[in-house]
>>> print(open('upload35.pdb').read())   # PDB, C-alpha atoms and all ligand atoms
MODEL        1
ATOM      1  CA  MET A   1     122.009  59.130  91.720  1.00  0.00           C
ATOM      2  CA  HIS A   2     122.757  62.129  89.439  1.00  0.00           C
ATOM      3  CA  LYS A   3     121.055  61.842  86.032  1.00  0.00           C
ATOM      4  CA  ASP A   4     124.391  62.014  84.133  1.00  0.00           C
ATOM      5  CA  VAL A   5     126.026  59.202  86.113  1.00  0.00           C
ATOM      6  CA  LYS A   6     126.104  55.742  84.578  1.00  0.00           C
ATOM      7  CA  GLU A   7     127.590  53.882  87.490  1.00  0.00           C
ATOM      8  CA  ILE A   8     128.777  54.542  91.026  1.00  0.00           C
ATOM      9  CA  PHE A   9     132.301  53.209  91.434  1.00  0.00           C
ATOM     10  CA  ILE A  10     133.008  54.080  95.065  1.00  0.00           C
ATOM     11  CA  THR A  11     130.278  55.067  97.504  1.00  0.00           C
ATOM     12  CA  GLU A  12     130.347  57.878 100.047  1.00  0.00           C
ATOM     13  CA  ASP A  13     130.334  55.344 102.916  1.00  0.00           C
ATOM     14  CA  GLU A  14     133.373  53.623 101.433  1.00  0.00           C
ATOM     15  CA  ILE A  15     135.206  56.938 101.086  1.00  0.00           C
ATOM     16  CA  VAL A  16     134.427  57.931 104.688  1.00  0.00           C
ATOM     17  CA  ALA A  17     135.542  54.531 106.016  1.00  0.00           C
ATOM     18  CA  LYS A  18     138.749  54.695 103.981  1.00  0.00           C
ATOM     19  CA  SER A  19     139.461  58.257 105.128  1.00  0.00           C
ATOM     20  CA  LYS A  20     139.215  57.097 108.766  1.00  0.00           C
ATOM     21  CA  GLU A  21     141.622  54.257 108.030  1.00  0.00           C
ATOM     22  CA  LEU A  22     144.113  56.593 106.335  1.00  0.00           C
ATOM     23  CA  ALA A  23     143.840  59.112 109.184  1.00  0.00           C
ATOM     24  CA  LEU A  24     144.748  56.420 111.726  1.00  0.00           C
ATOM     25  CA  GLN A  25     147.821  55.502 109.714  1.00  0.00           C
ATOM     26  CA  ILE A  26     148.842  59.135 109.258  1.00  0.00           C
ATOM     27  CA  ASP A  27     148.386  59.833 112.996  1.00  0.00           C
ATOM     28  CA  LYS A  28     150.667  56.912 113.764  1.00  0.00           C
ATOM     29  CA  ASP A  29     153.346  57.995 111.291  1.00  0.00           C
ATOM     30  CA  TYR A  30     153.343  61.669 112.352  1.00  0.00           C
ATOM     31  CA  GLU A  31     153.040  61.139 116.117  1.00  0.00           C
ATOM     32  CA  GLY A  32     154.181  64.264 117.994  1.00  0.00           C
ATOM     33  CA  LYS A  33     154.707  66.261 114.787  1.00  0.00           C
ATOM     34  CA  SER A  34     152.907  69.176 113.155  1.00  0.00           C
ATOM     35  CA  VAL A  35     151.961  68.819 109.511  1.00  0.00           C
ATOM     36  CA  VAL A  36     150.922  71.207 106.744  1.00  0.00           C
ATOM     37  CA  LEU A  37     148.222  69.608 104.599  1.00  0.00           C
ATOM     38  CA  VAL A  38     148.719  70.990 101.087  1.00  0.00           C
ATOM     39  CA  GLY A  39     145.602  70.550  98.978  1.00  0.00           C
ATOM     40  CA  LEU A  40     145.875  70.780  95.212  1.00  0.00           C
ATOM     41  CA  LEU A  41     142.960  72.863  93.954  1.00  0.00           C
ATOM     42  CA  LYS A  42     140.284  72.282  93.149  1.00  0.00           C
ATOM     43  CA  GLY A  43     139.864  68.534  93.178  1.00  0.00           C
ATOM     44  CA  SER A  44     141.327  67.800  96.590  1.00  0.00           C
ATOM     45  CA  ILE A  45     138.860  69.894  98.618  1.00  0.00           C
ATOM     46  CA  PRO A  46     136.233  67.242  99.510  1.00  0.00           C
ATOM     47  CA  PHE A  47     138.787  64.522 100.264  1.00  0.00           C
ATOM     48  CA  MET A  48     141.015  66.853 102.287  1.00  0.00           C
ATOM     49  CA  ALA A  49     138.009  67.907 104.383  1.00  0.00           C
ATOM     50  CA  GLU A  50     136.946  64.305 104.975  1.00  0.00           C
ATOM     51  CA  LEU A  51     140.435  63.075 105.818  1.00  0.00           C
ATOM     52  CA  ALA A  52     141.175  66.007 108.148  1.00  0.00           C
ATOM     53  CA  LYS A  53     137.990  65.359 110.167  1.00  0.00           C
ATOM     54  CA  HIS A  54     139.468  62.111 111.402  1.00  0.00           C
ATOM     55  CA  LEU A  55     143.030  63.273 112.086  1.00  0.00           C
ATOM     56  CA  GLN A  56     144.332  63.766 115.618  1.00  0.00           C
ATOM     57  CA  THR A  57     147.648  65.126 114.317  1.00  0.00           C
ATOM     58  CA  ASP A  58     148.288  68.886 114.646  1.00  0.00           C
ATOM     59  CA  VAL A  59     147.560  70.135 111.107  1.00  0.00           C
ATOM     60  CA  THR A  60     147.237  73.398 109.221  1.00  0.00           C
ATOM     61  CA  PHE A  61     145.672  73.758 105.778  1.00  0.00           C
ATOM     62  CA  ASP A  62     147.221  75.372 102.749  1.00  0.00           C
ATOM     63  CA  TYR A  63     146.316  75.190  99.066  1.00  0.00           C
ATOM     64  CA  MET A  64     148.046  75.414  95.741  1.00  0.00           C
ATOM     65  CA  ASN A  65     146.605  75.646  92.243  1.00  0.00           C
ATOM     66  CA  VAL A  66     148.881  74.219  89.579  1.00  0.00           C
ATOM     67  CA  SER A  67     148.509  72.883  86.102  1.00  0.00           C
ATOM     68  CA  SER A  68     150.860  70.831  84.025  1.00  0.00           C
ATOM     69  CA  TYR A  69     150.977  70.954  80.258  1.00  0.00           C
ATOM     70  CA  ASP A  70     150.261  67.876  78.205  1.00  0.00           C
ATOM     71  CA  GLY A  71     153.212  66.025  76.802  1.00  0.00           C
ATOM     72  CA  THR A  72     155.956  63.862  78.102  1.00  0.00           C
ATOM     73  CA  GLU A  73     158.260  66.593  79.429  1.00  0.00           C
ATOM     74  CA  SER A  74     158.001  66.580  83.194  1.00  0.00           C
ATOM     75  CA  LYS A  75     159.113  70.174  83.879  1.00  0.00           C
ATOM     76  CA  THR A  76     156.032  71.964  82.654  1.00  0.00           C
ATOM     77  CA  LEU A  77     154.378  73.078  85.872  1.00  0.00           C
ATOM     78  CA  VAL A  78     152.543  76.404  86.019  1.00  0.00           C
ATOM     79  CA  VAL A  79     151.735  77.699  89.502  1.00  0.00           C
ATOM     80  CA  LYS A  80     148.444  79.585  89.223  1.00  0.00           C
ATOM     81  CA  GLN A  81     148.105  80.103  92.974  1.00  0.00           C
ATOM     82  CA  ASP A  82     150.911  79.499  95.407  1.00  0.00           C
ATOM     83  CA  LEU A  83     150.930  78.468  99.061  1.00  0.00           C
ATOM     84  CA  GLN A  84     150.413  81.125 101.712  1.00  0.00           C
ATOM     85  CA  GLU A  85     152.743  79.567 104.280  1.00  0.00           C
ATOM     86  CA  GLU A  86     156.521  79.349 104.214  1.00  0.00           C
ATOM     87  CA  ILE A  87     157.232  75.641 104.188  1.00  0.00           C
ATOM     88  CA  ALA A  88     160.962  75.448 104.919  1.00  0.00           C
ATOM     89  CA  GLY A  89     161.558  73.160 107.893  1.00  0.00           C
ATOM     90  CA  LYS A  90     157.973  71.849 107.946  1.00  0.00           C
ATOM     91  CA  HIS A  91     156.440  68.446 107.351  1.00  0.00           C
ATOM     92  CA  ILE A  92     154.249  68.585 104.240  1.00  0.00           C
ATOM     93  CA  LEU A  93     151.529  66.144 103.307  1.00  0.00           C
ATOM     94  CA  ILE A  94     150.231  66.805  99.790  1.00  0.00           C
ATOM     95  CA  VAL A  95     146.572  65.859  99.410  1.00  0.00           C
ATOM     96  CA  GLU A  96     145.398  64.945  95.917  1.00  0.00           C
ATOM     97  CA  ASP A  97     142.235  63.571  94.374  1.00  0.00           C
ATOM     98  CA  ILE A  98     143.835  61.232  91.852  1.00  0.00           C
ATOM     99  CA  LEU A  99     147.294  60.094  90.842  1.00  0.00           C
ATOM    100  CA  ASP A 100     147.358  59.274  87.133  1.00  0.00           C
ATOM    101  CA  THR A 101     150.469  59.886  84.998  1.00  0.00           C
ATOM    102  CA  GLY A 102     152.230  61.232  88.094  1.00  0.00           C
ATOM    103  CA  LYS A 103     153.291  64.428  86.363  1.00  0.00           C
ATOM    104  CA  THR A 104     151.473  66.878  88.654  1.00  0.00           C
ATOM    105  CA  LEU A 105     152.591  65.268  91.881  1.00  0.00           C
ATOM    106  CA  LYS A 106     156.155  64.756  90.720  1.00  0.00           C
ATOM    107  CA  ASN A 107     156.467  68.443  89.830  1.00  0.00           C
ATOM    108  CA  VAL A 108     154.807  69.657  93.013  1.00  0.00           C
ATOM    109  CA  LYS A 109     156.828  67.329  95.209  1.00  0.00           C
ATOM    110  CA  ASP A 110     160.111  68.396  93.577  1.00  0.00           C
ATOM    111  CA  MET A 111     159.181  72.036  94.047  1.00  0.00           C
ATOM    112  CA  LEU A 112     158.364  71.628  97.753  1.00  0.00           C
ATOM    113  CA  VAL A 113     161.541  69.634  98.381  1.00  0.00           C
ATOM    114  CA  ALA A 114     163.508  72.434  96.673  1.00  0.00           C
ATOM    115  CA  ARG A 115     161.911  74.888  99.132  1.00  0.00           C
ATOM    116  CA  HIS A 116     163.502  72.883 101.954  1.00  0.00           C
ATOM    117  CA  ALA A 117     160.456  71.229 103.436  1.00  0.00           C
ATOM    118  CA  LEU A 118     161.518  68.892 106.237  1.00  0.00           C
ATOM    119  CA  SER A 119     159.567  66.072 104.604  1.00  0.00           C
ATOM    120  CA  VAL A 120     157.128  65.779 101.711  1.00  0.00           C
ATOM    121  CA  LYS A 121     154.647  62.918 101.496  1.00  0.00           C
ATOM    122  CA  ILE A 122     151.597  62.315  99.346  1.00  0.00           C
ATOM    123  CA  VAL A 123     148.113  61.068 100.115  1.00  0.00           C
ATOM    124  CA  THR A 124     145.759  60.500  97.194  1.00  0.00           C
ATOM    125  CA  LEU A 125     142.172  59.328  97.265  1.00  0.00           C
ATOM    126  CA  LEU A 126     142.517  57.421  93.990  1.00  0.00           C
ATOM    127  CA  ASP A 127     145.484  55.766  92.347  1.00  0.00           C
ATOM    128  CA  LYS A 128     145.273  54.913  88.634  1.00  0.00           C
ATOM    129  CA  GLU A 129     148.417  52.821  88.489  1.00  0.00           C
ATOM    130  CA  GLU A 130     148.000  51.864  84.817  1.00  0.00           C
ATOM    131  CA  GLY A 131     148.200  55.535  83.815  1.00  0.00           C
ATOM    132  CA  ARG A 132     151.634  56.095  85.313  1.00  0.00           C
ATOM    133  CA  VAL A 133     154.242  57.717  83.046  1.00  0.00           C
ATOM    134  CA  PHE A 134     156.431  59.396  85.669  1.00  0.00           C
ATOM    135  CA  ASP A 135     158.135  57.626  88.530  1.00  0.00           C
ATOM    136  CA  MET A 136     155.828  58.608  91.357  1.00  0.00           C
ATOM    137  CA  LYS A 137     154.308  56.689  94.241  1.00  0.00           C
ATOM    138  CA  ALA A 138     151.777  57.848  96.803  1.00  0.00           C
ATOM    139  CA  ASP A 139     152.754  57.295 100.417  1.00  0.00           C
ATOM    140  CA  TYR A 140     149.064  56.741 101.187  1.00  0.00           C
ATOM    141  CA  TYR A 141     146.212  55.957  98.813  1.00  0.00           C
ATOM    142  CA  GLY A 142     142.523  55.303  99.263  1.00  0.00           C
ATOM    143  CA  PHE A 143     141.605  53.139  96.292  1.00  0.00           C
ATOM    144  CA  LYS A 144     143.393  51.734  93.260  1.00  0.00           C
ATOM    145  CA  ILE A 145     141.180  52.139  90.206  1.00  0.00           C
ATOM    146  CA  PRO A 146     141.422  50.946  86.587  1.00  0.00           C
ATOM    147  CA  ASN A 147     142.199  53.298  83.711  1.00  0.00           C
ATOM    148  CA  ALA A 148     138.723  54.847  83.382  1.00  0.00           C
ATOM    149  CA  PHE A 149     137.694  58.511  83.540  1.00  0.00           C
ATOM    150  CA  VAL A 150     135.930  59.123  86.838  1.00  0.00           C
ATOM    151  CA  ILE A 151     134.078  62.108  88.297  1.00  0.00           C
ATOM    152  CA  GLY A 152     132.756  63.177  91.691  1.00  0.00           C
ATOM    153  CA  TYR A 153     134.185  63.830  95.149  1.00  0.00           C
ATOM    154  CA  GLY A 154     136.178  66.758  93.775  1.00  0.00           C
ATOM    155  CA  LEU A 155     136.875  65.318  90.328  1.00  0.00           C
ATOM    156  CA  ASP A 156     135.326  67.204  87.429  1.00  0.00           C
ATOM    157  CA  PHE A 157     134.426  67.009  83.801  1.00  0.00           C
ATOM    158  CA  ASN A 158     134.577  70.600  82.430  1.00  0.00           C
ATOM    159  CA  GLU A 159     134.295  71.909  86.019  1.00  0.00           C
ATOM    160  CA  ARG A 160     131.099  69.943  86.639  1.00  0.00           C
ATOM    161  CA  TYR A 161     130.253  67.076  89.007  1.00  0.00           C
ATOM    162  CA  ARG A 162     132.815  67.974  91.697  1.00  0.00           C
ATOM    163  CA  GLN A 163     129.986  68.098  94.255  1.00  0.00           C
ATOM    164  CA  LEU A 164     128.911  64.482  93.861  1.00  0.00           C
ATOM    165  CA  PRO A 165     129.396  62.594  97.146  1.00  0.00           C
ATOM    166  CA  TYR A 166     130.708  59.474  95.372  1.00  0.00           C
ATOM    167  CA  ILE A 167     133.127  58.465  92.603  1.00  0.00           C
ATOM    168  CA  GLY A 168     131.249  57.630  89.423  1.00  0.00           C
ATOM    169  CA  ILE A 169     131.423  57.120  85.689  1.00  0.00           C
ATOM    170  CA  LEU A 170     129.601  59.478  83.336  1.00  0.00           C
ATOM    171  CA  LYS A 171     127.085  58.388  80.736  1.00  0.00           C
ATOM    172  CA  GLU A 172     128.642  58.487  77.256  1.00  0.00           C
ATOM    173  CA  GLU A 173     126.234  61.142  75.964  1.00  0.00           C
ATOM    174  CA  CYS A 174     127.625  63.590  78.563  1.00  0.00           C
ATOM    175  CA  TYR A 175     131.060  63.556  76.937  1.00  0.00           C
ATOM    176  CA  LYS A 176     129.674  64.655  73.581  1.00  0.00           C
TER     177      LYS A 176
HETATM  178  P1  LIG B   1     148.539  63.395  86.583  1.00  0.00           P
HETATM  179  O1  LIG B   1     149.349  64.654  86.648  1.00  0.00           O
HETATM  180  O2  LIG B   1     148.891  62.359  87.630  1.00  0.00           O
HETATM  181  O3  LIG B   1     148.493  62.822  85.212  1.00  0.00           O
HETATM  182  O4  LIG B   1     147.030  63.781  86.759  1.00  0.00           O
HETATM  183  C1  LIG B   1     146.494  64.331  87.844  1.00  0.00           C
HETATM  184  C2  LIG B   1     145.322  65.190  87.451  1.00  0.00           C
HETATM  185  O5  LIG B   1     144.691  64.746  86.231  1.00  0.00           O
HETATM  186  C3  LIG B   1     144.271  65.088  88.516  1.00  0.00           C
HETATM  187  O6  LIG B   1     144.484  66.030  89.535  1.00  0.00           O
HETATM  188  C4  LIG B   1     143.009  65.344  87.718  1.00  0.00           C
HETATM  189  O7  LIG B   1     142.790  66.716  87.614  1.00  0.00           O
HETATM  190  C5  LIG B   1     143.284  64.796  86.321  1.00  0.00           C
HETATM  191  N1  LIG B   1     142.719  63.428  86.140  1.00  0.00           N
HETATM  192  C6  LIG B   1     143.393  62.285  85.943  1.00  0.00           C
HETATM  193  N2  LIG B   1     142.557  61.236  85.827  1.00  0.00           N
HETATM  194  C7  LIG B   1     141.304  61.742  85.975  1.00  0.00           C
HETATM  195  C8  LIG B   1     139.988  61.150  85.967  1.00  0.00           C
HETATM  196  O8  LIG B   1     139.762  59.948  85.832  1.00  0.00           O
HETATM  197  N3  LIG B   1     138.941  61.997  86.147  1.00  0.00           N
HETATM  198  C9  LIG B   1     139.095  63.342  86.318  1.00  0.00           C
HETATM  199  N4  LIG B   1     137.996  64.057  86.497  1.00  0.00           N
HETATM  200  N5  LIG B   1     140.318  63.931  86.329  1.00  0.00           N
HETATM  201  C10 LIG B   1     141.409  63.140  86.163  1.00  0.00           C
ENDMDL
END
>>> encode(input="upload35.pdb", output="structure tokens")
Amino acid sequence: MHKDVKEIFITEDEIVAKSKELALQIDKDYEGKSVVLVGLLKGSIPFMAELAKHLQTDVTFDYMNVSSYDGTESKTLVVKQDLQEEIAGKHILIVEDILDTGKTLKNVKDMLVARHALSVKIVTLLDKEEGRVFDMKADYYGFKIPNAFVIGYGLDFNERYRQLPYIGILKEECYK
């Protein structure tokens, strides 16, 4: 275990098993269709890679880097890096590391719908339901977690710990 980690919340084996389960469900739902997996940078990279390994569905990868301002206004999305593909008429599956207030995913989903995607769904590794402020539901989720700050498997604290192969909680002294 990494020296800064207090506790492992979800192990790598659990994440791999869950990704296989989600991939089976996604394959069933998208049978015969092509899908663009849209990863939100940077946190979604490890989960998107794991999930995609188990998919039989015809997929392409695209990425978007967005940030939303703090506050309760929902329309505060800044697109730092946009998609490379045209998405009109395509099925889009947004891949995210964690769904918390719902602000990021609500904004991104609205934007992709406005670009005339044929469908827009969301798969998130983690769902922090207690944190929800905006009306947003994931179509697929890996694990529901309580309202704690987690790191690893793409999730960072000041850009660190994204490489950890599990979801963990940091030791308090690492926040200070
Ligand atoms: P939302 O827009 O749903 O509030 O938040 C989504 C983003 O907030 C995530 O993509 C992630 O960057 C950040 N976030 C929310 N909760 C956590 C957490 O527990 N740990 C980390 N590292 N980031 C989080």
>>> atom_distance(input="upload35.pdb", atom1="CA of Val5 in chain A", atom2="CA of Arg162 in chain A")
12.4 Å
>>> residues_near_ligand(input="upload35.pdb", ligand="ligand LIG 1 (chain B)", cutoff="7 Å", atoms="all atoms listed in the file", output="list in words")
Gly43, Ser68, Glu96, Asp97, Ile98, Leu99, Asp100, Thr101, Gly102, Lys103, Thr104, Leu105, Ala148, Phe149, Val150, Ile151, Leu155, Asp156 and Phe157 of chain A
>>> resolve_selection(input="upload35.pdb", expression="the PyMOL selection byres (((chain A and resi 50-58) around 6) and not hetatm)", output="PyMOL selection string")
chain A and resi 19-20+23+27+34+47-49+59
>>> atom_distance(input="upload35.pdb", atom1="CA of Leu126 in chain A", atom2="CA of Gly39 in chain A")
14.4 Å
>>> resolve_selection(input="upload35.pdb", expression="the PyMOL selection byres (((chain A and resi 171) around 6) and not hetatm)", output="PyMOL selection string")
chain A and resi 4-6+170+172-174
>>> resolve_selection(input="upload35.pdb", expression="the PyMOL selection byres (((chain A and resi 85) around 12) and not hetatm)", output="compact mmCIF listing (two decimals) with C-alpha atoms, in the frame of the given file")
# COMPACT_ATOMS: atom_id res chain seq x y z
CA VAL A 35 151.96 68.82 109.51
CA VAL A 36 150.92 71.21 106.74
CA LEU A 37 148.22 69.61 104.60
CA VAL A 38 148.72 70.99 101.09
CA THR A 60 147.24 73.40 109.22
CA PHE A 61 145.67 73.76 105.78
CA ASP A 62 147.22 75.37 102.75
CA TYR A 63 146.32 75.19 99.07
CA MET A 64 148.05 75.41 95.74
CA ASP A 82 150.91 79.50 95.41
CA LEU A 83 150.93 78.47 99.06
CA GLN A 84 150.41 81.12 101.71
CA GLU A 86 156.52 79.35 104.21
CA ILE A 87 157.23 75.64 104.19
CA ALA A 88 160.96 75.45 104.92
CA GLY A 89 161.56 73.16 107.89
CA LYS A 90 157.97 71.85 107.95
CA ILE A 92 154.25 68.58 104.24
CA LEU A 112 158.36 71.63 97.75
CA ARG A 115 161.91 74.89 99.13
CA ALA A 117 160.46 71.23 103.44
>>> atom_distance(input="upload35.pdb", atom1="CA of Tyr140 in chain A", atom2="CA of Asp127 in chain A")
9.6 Å
>>> closest_residue(input="upload35.pdb", among="A:Met1, A:Leu41, A:Lys106, A:Ile10", to="Gly142 in chain A", atoms="only C-alpha atoms")
A:Ile10
>>> residues_around(input="upload35.pdb", residues="Val123 in chain A", least_positions_apart="3", cutoff="8 Å", atoms="only C-alpha atoms", output="compact mmCIF listing (two decimals) with C-alpha atoms, in the frame of the given file")
# COMPACT_ATOMS: atom_id res chain seq x y z
CA LEU A 93 151.53 66.14 103.31
CA ILE A 94 150.23 66.81 99.79
CA VAL A 95 146.57 65.86 99.41
CA GLU A 96 145.40 64.94 95.92
CA ALA A 138 151.78 57.85 96.80
CA ASP A 139 152.75 57.30 100.42
CA TYR A 140 149.06 56.74 101.19
CA TYR A 141 146.21 55.96 98.81
>>> residues_near_point(input="upload35.pdb", point="(145.8, 53.2, 84.3)", cutoff="7 Å", atoms="all atoms listed in the file", output="VMD selection string")
chain A and resid 100 128 to 132 146 to 147
>>> closest_residue(input="upload35.pdb", among="A:Glu31, A:Pro46, A:Phe143, A:Glu7", to="Pro165 in chain A", atoms="all atoms listed in the file")
A:Pro46
>>> residues_around(input="upload35.pdb", residues="Asn65 in chain A", least_positions_apart="5", cutoff="8 Å", atoms="all atoms listed in the file", output="PyMOL selection string")
chain A and resi 40-42+79-82
>>> write_last_selection(input="upload35.pdb", atoms="C-alpha atoms", output="mmCIF file, in the coordinates of the input")
data_model
loop_
_atom_site.group_PDB
_atom_site.id
_atom_site.type_symbol
_atom_site.label_atom_id
_atom_site.label_comp_id
_atom_site.auth_asym_id
_atom_site.auth_seq_id
_atom_site.Cartn_x
_atom_site.Cartn_y
_atom_site.Cartn_z
ATOM 1 C CA LEU A 40 145.875 70.780 95.212
ATOM 2 C CA LEU A 41 142.960 72.863 93.954
ATOM 3 C CA LYS A 42 140.284 72.282 93.149
ATOM 4 C CA VAL A 79 151.735 77.699 89.502
ATOM 5 C CA LYS A 80 148.444 79.585 89.223
ATOM 6 C CA GLN A 81 148.105 80.103 92.974
ATOM 7 C CA ASP A 82 150.911 79.499 95.407
#
>>> closest_residue(input="upload35.pdb", among="A:Asp29, A:Glu12, A:His91, A:Arg160", to="His116 in chain A", atoms="all atoms listed in the file")
A:His91
>>> axis_aligned_box(input="upload35.pdb", around="range 161-175 of chain A", padding_each_side="6 Å", output="lines of an AutoDock Vina configuration file")
center_x = 129.7
center_y = 62.6
center_z = 86.6
size_x = 18.9
size_y = 23.0
size_z = 33.2
>>> residues_around(input="upload35.pdb", residues="Gly152 in chain A", least_positions_apart="5", cutoff="8 Å", atoms="all atoms listed in the file", output="ChimeraX atom specification")
/A:161-168
>>> closest_residue(input="upload35.pdb", among="A:Gly154, A:Ser67, A:Ser44, A:Lys33", to="Leu118 in chain A", atoms="only C-alpha atoms")
A:Lys33
